[in-house]
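**Student:** If it helps, the file is called coords35.cif and holds mmCIF, C-alpha atoms:
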```cif
data_run
loop_
_atom_site.group_PDB
_atom_site.id
_atom_site.type_symbol
_atom_site.label_atom_id
_atom_site.label_comp_id
_atom_site.auth_asym_id
_atom_site.auth_seq_id
_atom_site.Cartn_x
_atom_site.Cartn_y
_atom_site.Cartn_z
ATOM 1 C CA MET A 1 -14.603 -8.127 18.401
ATOM 2 C CA ASN A 2 -13.126 -8.322 14.928
ATOM 3 C CA ILE A 3 -9.546 -7.399 14.096
ATOM 4 C CA HIS A 4 -8.888 -6.729 10.426
ATOM 5 C CA ILE A 5 -5.519 -7.949 9.201
ATOM 6 C CA PRO A 6 -3.777 -6.213 6.292
ATOM 7 C CA THR A 7 -2.659 -8.303 3.327
ATOM 8 C CA PRO A 8 1.067 -8.479 4.242
ATOM 9 C CA LEU A 9 0.359 -9.958 7.668
ATOM 10 C CA ARG A 10 -2.172 -12.593 6.659
ATOM 11 C CA VAL A 11 0.586 -15.098 6.118
ATOM 12 C CA TYR A 12 0.898 -15.014 9.915
ATOM 13 C CA SER A 13 -2.839 -15.230 10.631
ATOM 14 C CA ASP A 14 -3.560 -18.468 8.788
ATOM 15 C CA LYS A 15 -4.546 -16.344 5.766
ATOM 16 C CA GLN A 16 -7.507 -14.888 7.648
ATOM 17 C CA ASP A 17 -8.371 -11.300 6.797
ATOM 18 C CA THR A 18 -10.368 -10.967 10.016
ATOM 19 C CA VAL A 19 -9.636 -12.516 13.398
ATOM 20 C CA THR A 20 -12.308 -12.538 16.097
ATOM 21 C CA VAL A 21 -11.231 -12.231 19.732
ATOM 22 C CA ASP A 22 -12.863 -11.781 23.117
ATOM 23 C CA ALA A 23 -11.538 -8.677 24.822
ATOM 24 C CA ALA A 24 -12.579 -5.838 27.095
ATOM 25 C CA THR A 25 -9.928 -3.337 25.991
ATOM 26 C CA VAL A 26 -7.856 -2.540 22.923
ATOM 27 C CA GLY A 27 -4.775 -3.925 24.651
ATOM 28 C CA GLU A 28 -6.509 -7.159 25.546
ATOM 29 C CA ALA A 29 -7.666 -7.530 21.953
ATOM 30 C CA LEU A 30 -4.136 -7.140 20.616
ATOM 31 C CA ASP A 31 -2.826 -9.558 23.246
ATOM 32 C CA ALA A 32 -5.499 -12.077 22.275
ATOM 33 C CA LEU A 33 -4.559 -11.657 18.614
ATOM 34 C CA THR A 34 -0.868 -12.357 19.203
ATOM 35 C CA ALA A 35 -1.733 -15.233 21.536
ATOM 36 C CA LYS A 36 -3.742 -16.815 18.727
ATOM 37 C CA HIS A 37 -1.141 -15.991 16.118
ATOM 38 C CA PRO A 38 2.248 -15.595 17.835
ATOM 39 C CA GLU A 39 4.114 -14.943 14.596
ATOM 40 C CA LEU A 40 2.318 -11.618 14.292
ATOM 41 C CA LYS A 41 3.994 -10.244 17.383
ATOM 42 C CA LYS A 42 7.386 -9.441 15.924
ATOM 43 C CA HIS A 43 5.742 -7.736 12.977
ATOM 44 C CA LEU A 44 3.595 -5.522 15.186
ATOM 45 C CA TYR A 45 5.921 -4.758 18.075
ATOM 46 C CA SER A 46 9.502 -3.629 18.469
ATOM 47 C CA GLU A 47 11.911 -5.500 20.713
ATOM 48 C CA GLU A 48 10.965 -3.005 23.428
ATOM 49 C CA GLY A 49 7.392 -4.182 23.175
ATOM 50 C CA LYS A 50 6.032 -1.006 21.623
ATOM 51 C CA LEU A 51 3.960 -0.876 18.460
ATOM 52 C CA ARG A 52 6.336 -0.392 15.555
ATOM 53 C CA SER A 53 6.360 3.200 14.365
ATOM 54 C CA PHE A 54 4.934 2.308 10.951
ATOM 55 C CA VAL A 55 2.127 0.142 12.326
ATOM 56 C CA ASN A 56 -1.127 1.997 12.841
ATOM 57 C CA VAL A 57 -3.976 0.490 14.814
ATOM 58 C CA TYR A 58 -7.410 1.991 14.455
ATOM 59 C CA LEU A 59 -10.366 1.407 16.723
ATOM 60 C CA ASN A 60 -13.160 1.902 14.234
ATOM 61 C CA ASP A 61 -12.097 5.288 12.795
ATOM 62 C CA GLU A 62 -9.778 6.421 15.575
ATOM 63 C CA ASP A 63 -6.031 5.966 15.842
ATOM 64 C CA ILE A 64 -5.482 4.294 19.222
ATOM 65 C CA ARG A 65 -2.391 6.455 19.791
ATOM 66 C CA TYR A 66 -4.690 9.453 20.084
ATOM 67 C CA LEU A 67 -7.374 7.891 22.241
ATOM 68 C CA PRO A 68 -7.315 9.366 25.777
ATOM 69 C CA GLU A 69 -6.933 5.924 27.314
ATOM 70 C CA LYS A 70 -4.942 4.478 24.408
ATOM 71 C CA GLU A 71 -4.678 0.675 24.733
ATOM 72 C CA SER A 72 -6.774 0.734 27.900
ATOM 73 C CA THR A 73 -9.759 1.987 25.902
ATOM 74 C CA ARG A 74 -12.737 -0.268 26.484
ATOM 75 C CA VAL A 75 -14.235 -2.100 23.512
ATOM 76 C CA SER A 76 -17.383 -4.041 22.732
ATOM 77 C CA ASP A 77 -18.163 -6.839 20.313
ATOM 78 C CA HIS A 78 -19.498 -4.240 17.883
ATOM 79 C CA ASP A 79 -16.172 -2.441 17.619
ATOM 80 C CA ALA A 80 -13.484 -3.345 15.122
ATOM 81 C CA LEU A 81 -9.750 -2.918 15.131
ATOM 82 C CA SER A 82 -7.872 -2.337 11.879
ATOM 83 C CA ILE A 83 -4.145 -2.846 11.577
ATOM 84 C CA ILE A 84 -2.753 -0.570 8.868
ATOM 85 C CA PRO A 85 0.950 -0.256 8.048
ATOM 86 C CA SER A 86 1.812 3.235 6.872
ATOM 87 C CA ILE A 87 2.247 4.107 3.219
ATOM 88 C CA ALA A 88 4.526 6.924 2.183
ATOM 89 C CA GLY A 89 7.524 7.712 0.013
ATOM 90 C CA GLY A 90 8.522 10.000 -2.772
ATOM 91 C CA LEU A 91 11.450 10.921 -4.891
ATOM 92 C CA LEU A 92 13.225 12.896 -2.183
ATOM 93 C CA ALA A 93 16.711 11.409 -1.695
ATOM 94 C CA ALA A 94 16.084 9.370 -4.814
ATOM 95 C CA GLY A 95 18.465 6.490 -5.292
ATOM 96 C CA ALA A 96 17.855 6.798 -8.990
ATOM 97 C CA GLY A 97 18.690 10.452 -8.510
ATOM 98 C CA ALA A 98 18.856 11.902 -11.961
ATOM 99 C CA PRO A 99 15.967 13.807 -13.489
ATOM 100 C CA LEU A 100 14.212 12.274 -16.454
ATOM 101 C CA ALA A 101 16.457 11.759 -19.435
ATOM 102 C CA PRO A 102 14.845 13.268 -22.540
ATOM 103 C CA ALA A 103 15.533 10.153 -24.589
ATOM 104 C CA CYS A 104 13.911 7.764 -22.141
ATOM 105 C CA CYS A 105 12.454 5.017 -24.353
ATOM 106 C CA MET B 1 3.174 -9.933 -12.147
ATOM 107 C CA LEU B 2 0.701 -7.069 -11.965
ATOM 108 C CA LYS B 3 -2.351 -7.205 -14.218
ATOM 109 C CA LEU B 4 -4.701 -4.330 -14.780
ATOM 110 C CA ASN B 5 -7.028 -3.159 -17.497
ATOM 111 C CA THR B 6 -6.431 -0.185 -19.750
ATOM 112 C CA GLN B 7 -8.960 1.969 -17.937
ATOM 113 C CA THR B 8 -7.259 1.513 -14.578
ATOM 114 C CA TYR B 9 -3.782 1.896 -16.058
ATOM 115 C CA ASP B 10 -4.786 5.142 -17.754
ATOM 116 C CA ALA B 11 -6.498 6.410 -14.591
ATOM 117 C CA ILE B 12 -3.296 5.977 -12.590
ATOM 118 C CA ARG B 13 -1.293 7.860 -15.195
ATOM 119 C CA HIS B 14 -3.876 10.635 -15.580
ATOM 120 C CA HIS B 15 -3.854 11.125 -11.825
ATOM 121 C CA GLY B 16 -0.131 11.868 -11.980
ATOM 122 C CA GLU B 17 -0.710 14.357 -14.764
ATOM 123 C CA GLU B 18 -3.486 16.093 -12.851
ATOM 124 C CA THR B 19 -1.457 16.597 -9.696
ATOM 125 C CA TYR B 20 1.764 17.612 -11.502
ATOM 126 C CA PRO B 21 4.088 19.158 -10.327
ATOM 127 C CA HIS B 22 3.027 17.408 -7.144
ATOM 128 C CA GLU B 23 3.099 13.671 -6.499
ATOM 129 C CA CYS B 24 -0.168 11.792 -6.719
ATOM 130 C CA CYS B 25 -0.886 8.657 -4.717
ATOM 131 C CA GLY B 26 -3.496 5.962 -4.483
ATOM 132 C CA VAL B 27 -4.369 2.410 -3.561
ATOM 133 C CA LEU B 28 -4.762 -0.632 -5.796
ATOM 134 C CA LEU B 29 -7.613 -2.949 -4.882
ATOM 135 C CA GLY B 30 -7.830 -6.429 -6.314
ATOM 136 C CA ARG B 31 -7.001 -10.043 -5.739
ATOM 137 C CA SER B 32 -3.716 -11.879 -5.450
ATOM 138 C CA SER B 33 -3.016 -15.475 -6.225
ATOM 139 C CA ASP B 34 0.303 -17.216 -6.663
ATOM 140 C CA ASP B 35 2.529 -14.744 -8.473
ATOM 141 C CA ILE B 36 -0.210 -12.600 -10.014
ATOM 142 C CA SER B 37 -1.939 -9.572 -8.583
ATOM 143 C CA LEU B 38 -5.053 -8.630 -10.489
ATOM 144 C CA VAL B 39 -5.980 -4.983 -9.984
ATOM 145 C CA VAL B 40 -9.720 -4.387 -10.119
ATOM 146 C CA ASP B 41 -9.782 -0.752 -9.097
ATOM 147 C CA ALA B 42 -7.424 2.122 -8.381
ATOM 148 C CA ILE B 43 -8.613 4.380 -5.591
ATOM 149 C CA ARG B 44 -7.295 7.920 -5.496
ATOM 150 C CA ALA B 45 -5.969 9.106 -2.164
ATOM 151 C CA GLY B 46 -5.018 12.507 -0.904
ATOM 152 C CA ASN B 47 -1.362 13.360 -0.450
ATOM 153 C CA THR B 48 -1.027 14.664 3.095
ATOM 154 C CA ARG B 49 2.508 15.940 2.453
ATOM 155 C CA THR B 50 1.331 19.380 1.437
ATOM 156 C CA ASP B 51 4.590 20.763 2.866
ATOM 157 C CA SER B 52 6.628 18.921 0.220
ATOM 158 C CA ALA B 53 4.140 17.500 -2.251
ATOM 159 C CA HIS B 54 6.510 17.838 -5.213
ATOM 160 C CA ASN B 55 8.786 15.111 -3.853
ATOM 161 C CA ARG B 56 6.982 13.314 -1.032
ATOM 162 C CA TYR B 57 3.693 11.523 -0.555
ATOM 163 C CA HIS B 58 1.873 10.080 2.385
ATOM 164 C CA ILE B 59 -1.597 8.575 2.598
ATOM 165 C CA ALA B 60 -3.434 9.262 5.827
ATOM 166 C CA PRO B 61 -3.948 5.992 7.726
ATOM 167 C CA HIS B 62 -7.618 6.784 8.332
ATOM 168 C CA GLU B 63 -8.076 6.995 4.561
ATOM 169 C CA LEU B 64 -6.396 3.597 4.207
ATOM 170 C CA VAL B 65 -8.719 2.165 6.842
ATOM 171 C CA LYS B 66 -11.707 3.402 4.859
ATOM 172 C CA ILE B 67 -10.346 2.086 1.556
ATOM 173 C CA GLN B 68 -9.563 -1.288 3.130
ATOM 174 C CA ARG B 69 -13.083 -1.406 4.596
ATOM 175 C CA ASP B 70 -14.741 -0.488 1.313
ATOM 176 C CA GLY B 71 -12.592 -3.048 -0.476
ATOM 177 C CA ARG B 72 -13.563 -5.764 1.971
ATOM 178 C CA LYS B 73 -17.238 -5.075 1.234
ATOM 179 C CA ARG B 74 -16.455 -5.640 -2.451
ATOM 180 C CA GLY B 75 -14.434 -8.785 -1.790
ATOM 181 C CA LEU B 76 -11.214 -6.981 -2.699
ATOM 182 C CA ASP B 77 -7.894 -6.633 -0.918
ATOM 183 C CA ILE B 78 -5.241 -3.953 -0.999
ATOM 184 C CA VAL B 79 -2.728 -5.420 -3.448
ATOM 185 C CA GLY B 80 -0.596 -2.351 -3.993
ATOM 186 C CA PHE B 81 -0.154 1.387 -4.183
ATOM 187 C CA TYR B 82 0.751 3.921 -6.809
ATOM 188 C CA HIS B 83 2.376 7.310 -6.880
ATOM 189 C CA SER B 84 4.078 9.618 -9.365
ATOM 190 C CA HIS B 85 7.569 11.041 -9.698
ATOM 191 C CA PRO B 86 7.282 14.517 -11.250
ATOM 192 C CA ASP B 87 10.215 15.111 -13.617
ATOM 193 C CA HIS B 88 12.058 12.078 -12.288
ATOM 194 C CA PRO B 89 12.323 8.470 -13.469
ATOM 195 C CA ALA B 90 9.818 5.751 -12.692
ATOM 196 C CA GLN B 91 12.289 4.146 -10.311
ATOM 197 C CA TRP B 92 11.935 3.649 -6.603
ATOM 198 C CA SER B 93 13.849 6.031 -4.393
ATOM 199 C CA GLN B 94 15.543 5.447 -1.059
ATOM 200 C CA THR B 95 12.586 7.208 0.526
ATOM 201 C CA ASP B 96 10.163 4.875 -1.242
ATOM 202 C CA PHE B 97 12.120 1.906 0.035
ATOM 203 C CA ALA B 98 12.545 3.122 3.596
ATOM 204 C CA GLU B 99 8.830 3.822 3.906
ATOM 205 C CA ALA B 100 7.587 0.667 2.169
ATOM 206 C CA HIS B 101 6.079 -1.751 4.665
ATOM 207 C CA TRP B 102 3.447 -3.669 2.721
ATOM 208 C CA LEU B 103 5.415 -6.828 2.019
ATOM 209 C CA GLY B 104 4.094 -8.774 -0.935
ATOM 210 C CA CYS B 105 2.365 -5.731 -2.397
ATOM 211 C CA SER B 106 3.074 -3.799 -5.590
ATOM 212 C CA TYR B 107 4.399 -0.255 -5.675
ATOM 213 C CA VAL B 108 3.601 1.370 -9.007
ATOM 214 C CA ILE B 109 5.485 4.516 -10.008
ATOM 215 C CA THR B 110 4.744 6.766 -12.984
ATOM 216 C CA ALA B 111 7.262 9.272 -14.219
ATOM 217 C CA VAL B 112 5.554 12.529 -15.200
ATOM 218 C CA GLU B 113 7.640 14.865 -17.330
ATOM 219 C CA LYS B 114 6.426 18.433 -17.696
ATOM 220 C CA GLY B 115 2.916 17.297 -16.892
ATOM 221 C CA VAL B 116 2.837 14.330 -19.274
ATOM 222 C CA ALA B 117 2.950 10.744 -18.027
ATOM 223 C CA GLN B 118 5.950 8.785 -19.290
ATOM 224 C CA LYS B 119 6.878 5.304 -18.096
ATOM 225 C CA THR B 120 4.946 3.380 -15.490
ATOM 226 C CA ASN B 121 6.844 0.692 -13.614
ATOM 227 C CA SER B 122 5.886 -1.651 -10.813
ATOM 228 C CA PHE B 123 8.053 -2.965 -7.990
ATOM 229 C CA LEU B 124 7.094 -5.863 -5.783
ATOM 230 C CA LEU B 125 8.109 -5.504 -2.144
ATOM 231 C CA THR B 126 9.602 -8.910 -1.424
ATOM 232 C CA GLY B 127 10.899 -10.430 1.795
ATOM 233 C CA THR B 128 9.377 -11.501 5.066
ATOM 234 C CA THR B 129 10.542 -8.797 7.476
ATOM 235 C CA GLU B 130 11.728 -5.197 7.550
ATOM 236 C CA GLU B 131 15.258 -6.524 7.723
ATOM 237 C CA ASP B 132 15.212 -8.604 4.538
ATOM 238 C CA LYS B 133 12.762 -6.621 2.407
ATOM 239 C CA ALA B 134 13.703 -5.661 -1.138
ATOM 240 C CA PHE B 135 12.101 -4.167 -4.221
ATOM 241 C CA ALA B 136 11.971 -6.450 -7.259
ATOM 242 C CA ASP B 137 11.071 -5.358 -10.778
ATOM 243 C CA GLU B 138 7.576 -6.599 -11.529
ATOM 244 C CA PRO B 139 6.130 -7.077 -15.025
ATOM 245 C CA VAL B 140 2.998 -5.024 -15.724
ATOM 246 C CA ILE B 141 0.382 -6.531 -18.010
ATOM 247 C CA VAL B 142 -2.244 -4.144 -19.377
ATOM 248 C CA GLU B 143 -5.335 -5.861 -20.711
ATOM 249 C CA THR B 144 -7.736 -4.241 -23.113
ATOM 250 C CA GLN B 145 -11.384 -5.209 -22.837
ATOM 251 C CA SER B 146 -11.103 -7.526 -25.813
ATOM 252 C CA ASP B 147 -7.830 -8.904 -24.420
ATOM 253 C CA SER B 148 -9.629 -9.813 -21.213
ATOM 254 C CA LEU B 149 -12.009 -11.992 -23.149
ATOM 255 C CA HIS B 150 -9.067 -13.852 -24.580
ATOM 256 C CA ARG B 151 -7.027 -13.860 -21.380
ATOM 257 C CA SER B 152 -4.152 -12.012 -22.881
ATOM 258 C CA GLY B 153 -2.618 -8.592 -22.781
ATOM 259 C CA HIS B 154 0.576 -6.728 -23.489
ATOM 260 C CA GLU B 155 3.444 -6.283 -21.133
ATOM 261 C CA VAL B 156 4.514 -2.720 -20.570
ATOM 262 C CA GLU B 157 8.110 -2.131 -21.508
ATOM 263 C CA ARG B 158 10.232 -1.241 -18.510
ATOM 264 C CA CYS B 159 12.303 1.877 -18.674
ATOM 265 C CA ARG B 160 13.451 4.726 -16.515
#
```
Just give me the structure of the file as structure tokens.
**Tutor:**
Amino acid sequence: MNIHIPTPLRVYSDKQDTVTVDAATVGEALDALTAKHPELKKHLYSEEGKLRSFVNVYLNDEDIRYLPEKESTRVSDHDALSIIPSIAGGLLAAGAGAPLAPACC
Amino acid sequence: MLKLNTQTYDAIRHHGEETYPHECCGVLLGRSSDDISLVVDAIRAGNTRTDSAHNRYHIAPHELVKIQRDGRKRGLDIVGFYHSHPDHPAQWSQTDFAEAHWLGCSYVITAVEKGVAQKTNSFLLTGTTEEDKAFADEPVIVETQSDSLHRSGHEVERCR
């Protein structure tokens, strides 16, 4: 199956945007990925071995965290995994703090 | 350095005006090489933080998956993101920094004052890990159509 690598992590996947692995489950696929590209492991997993909180893994269009069997979910060659770091933010607790100055530029 | 054409630059800023007083957000698709990210398209995304949309944004991961997939079909990568700061400067916040995880990508912020777009700045998320990441000011080059033919453009002045 194919695993799609997001741009920030391609430096650890020999610049490949897609890595193909042989696997029967989601967990096996991720294990095969980090076996092929060991440097990816610390970027995907915490020291406790859990997926980092900001790393999302999707099996096709489903977040694996919400799959009934999670990483034990069976996969076929036609499935694809996507690794997607989260994207969020906003001006709450702004370091810059102050509202817009009227004379800005 | 972030390069984009006038149409894309204006679209990002108009998005912030449309969603005011709420934050807008979106994804920049393009190509990166060396120190230049060329933005080909800006894709609007929904802000899932409807509970606090005036000062927070979040893009649903499933929407990112779709945008990444569509980009791949077009030969484009996710090279950055954009959002607006209603009535606040175009500077990254502690929240922006804490929740920035796309190392090597651009984070574009537009200040929108009373519904009108002001400055647009870009910040490159540098570093190799969560522990050593940092935001660096990134020049923004806006190319007009005629500029593109001559491989030139004008750099947007940075300001709060």
**Student:** Please build the interface table for chain B against chain A with a cut-off of 8 Å, listing for each qualifying residue the nearest atom pair and the distance in Å to one decimal; count only C-alpha atoms, order rows by chain and increasing number, and write it as JSON lines.
**Tutor:**
```
{"residue": "B:Glu23", "atom": "CA", "partner": "A:Gly90", "partner_atom": "CA", "distance": 7.5}
{"residue": "B:Asn55", "atom": "CA", "partner": "A:Leu91", "partner_atom": "CA", "distance": 5.1}
{"residue": "B:Arg56", "atom": "CA", "partner": "A:Gly90", "partner_atom": "CA", "distance": 4.0}
{"residue": "B:Tyr57", "atom": "CA", "partner": "A:Ala88", "partner_atom": "CA", "distance": 5.4}
{"residue": "B:His58", "atom": "CA", "partner": "A:Ala88", "partner_atom": "CA", "distance": 4.1}
{"residue": "B:Ile59", "atom": "CA", "partner": "A:Ile87", "partner_atom": "CA", "distance": 5.9}
{"residue": "B:Pro61", "atom": "CA", "partner": "A:Ser86", "partner_atom": "CA", "distance": 6.4}
{"residue": "B:His62", "atom": "CA", "partner": "A:Asp61", "partner_atom": "CA", "distance": 6.5}
{"residue": "B:Leu64", "atom": "CA", "partner": "A:Ile84", "partner_atom": "CA", "distance": 7.2}
{"residue": "B:Val65", "atom": "CA", "partner": "A:Ser82", "partner_atom": "CA", "distance": 6.8}
{"residue": "B:Asp77", "atom": "CA", "partner": "A:Thr7", "partner_atom": "CA", "distance": 6.9}
{"residue": "B:Ile78", "atom": "CA", "partner": "A:Thr7", "partner_atom": "CA", "distance": 6.7}
{"residue": "B:Val79", "atom": "CA", "partner": "A:Thr7", "partner_atom": "CA", "distance": 7.4}
{"residue": "B:His83", "atom": "CA", "partner": "A:Gly90", "partner_atom": "CA", "distance": 7.9}
{"residue": "B:Ser84", "atom": "CA", "partner": "A:Gly90", "partner_atom": "CA", "distance": 8.0}
{"residue": "B:His85", "atom": "CA", "partner": "A:Leu91", "partner_atom": "CA", "distance": 6.2}
{"residue": "B:Asp87", "atom": "CA", "partner": "A:Leu100", "partner_atom": "CA", "distance": 5.7}
{"residue": "B:His88", "atom": "CA", "partner": "A:Pro99", "partner_atom": "CA", "distance": 4.4}
{"residue": "B:Pro89", "atom": "CA", "partner": "A:Leu100", "partner_atom": "CA", "distance": 5.2}
{"residue": "B:Gln91", "atom": "CA", "partner": "A:Ala96", "partner_atom": "CA", "distance": 6.3}
{"residue": "B:Trp92", "atom": "CA", "partner": "A:Ala96", "partner_atom": "CA", "distance": 7.1}
{"residue": "B:Ser93", "atom": "CA", "partner": "A:Ala94", "partner_atom": "CA", "distance": 4.0}
{"residue": "B:Gln94", "atom": "CA", "partner": "A:Gly95", "partner_atom": "CA", "distance": 5.2}
{"residue": "B:Thr95", "atom": "CA", "partner": "A:Gly89", "partner_atom": "CA", "distance": 5.1}
{"residue": "B:Asp96", "atom": "CA", "partner": "A:Gly89", "partner_atom": "CA", "distance": 4.1}
{"residue": "B:Phe97", "atom": "CA", "partner": "A:Gly89", "partner_atom": "CA", "distance": 7.4}
{"residue": "B:Ala98", "atom": "CA", "partner": "A:Gly89", "partner_atom": "CA", "distance": 7.7}
{"residue": "B:Glu99", "atom": "CA", "partner": "A:Ala88", "partner_atom": "CA", "distance": 5.6}
{"residue": "B:Ala100", "atom": "CA", "partner": "A:Ile87", "partner_atom": "CA", "distance": 6.4}
{"residue": "B:His101", "atom": "CA", "partner": "A:Pro85", "partner_atom": "CA", "distance": 6.3}
{"residue": "B:Trp102", "atom": "CA", "partner": "A:Pro8", "partner_atom": "CA", "distance": 5.6}
{"residue": "B:Leu103", "atom": "CA", "partner": "A:Pro8", "partner_atom": "CA", "distance": 5.2}
{"residue": "B:Gly104", "atom": "CA", "partner": "A:Pro8", "partner_atom": "CA", "distance": 6.0}
{"residue": "B:Cys105", "atom": "CA", "partner": "A:Pro8", "partner_atom": "CA", "distance": 7.3}
{"residue": "B:Ala111", "atom": "CA", "partner": "A:Leu100", "partner_atom": "CA", "distance": 7.9}
{"residue": "B:Glu113", "atom": "CA", "partner": "A:Leu100", "partner_atom": "CA", "distance": 7.1}
{"residue": "B:Thr129", "atom": "CA", "partner": "A:His43", "partner_atom": "CA", "distance": 7.4}
{"residue": "B:Cys159", "atom": "CA", "partner": "A:Cys105", "partner_atom": "CA", "distance": 6.5}
{"residue": "B:Arg160", "atom": "CA", "partner": "A:Cys104", "partner_atom": "CA", "distance": 6.4}
```
**Student:** Centre and edge lengths, as lines of an AutoDock Vina configuration file, for the axis-aligned box enclosing every listed atom of stretch 48-67 of chain A with 4 Å of padding on each of the six sides, in Å to one decimal?
**Tutor:**
```
center_x = -1.1
center_y = 2.6
center_z = 17.2
size_x = 32.1
size_y = 21.6
size_z = 20.5
```
**Student:** How many Å separate atom CA of B:Glu17 from atom CA of B:Phe81?
**Tutor:**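 Going from atom CA of B:Glu17 over to atom CA of B:Phe81 covers 16.7 Å.
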**Student:** One number please: atom CA of B:Val156 to atom CA of B:Gly30, in Å, one decimal.
**Tutor:**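 Straight-line distance from atom CA of B:Val156 to atom CA of B:Gly30 works out to 19.2 Å.
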**Student:** Expressed in Å to a single decimal, how great is the separation between atom CA of A:Leu40 and atom CA of A:Tyr12?
**Tutor:**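 For atom CA of A:Leu40 relative to atom CA of A:Tyr12, the distance reads 5.7 Å.
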**Student:** Please evaluate the PyMOL selection byres ((chain A and resi 33) around 10) against the structure above and give the resulting residues as a PyMOL selection string.
**Tutor:** chain A and resi 2-3+13+19-23+27-32+34-38+40-41
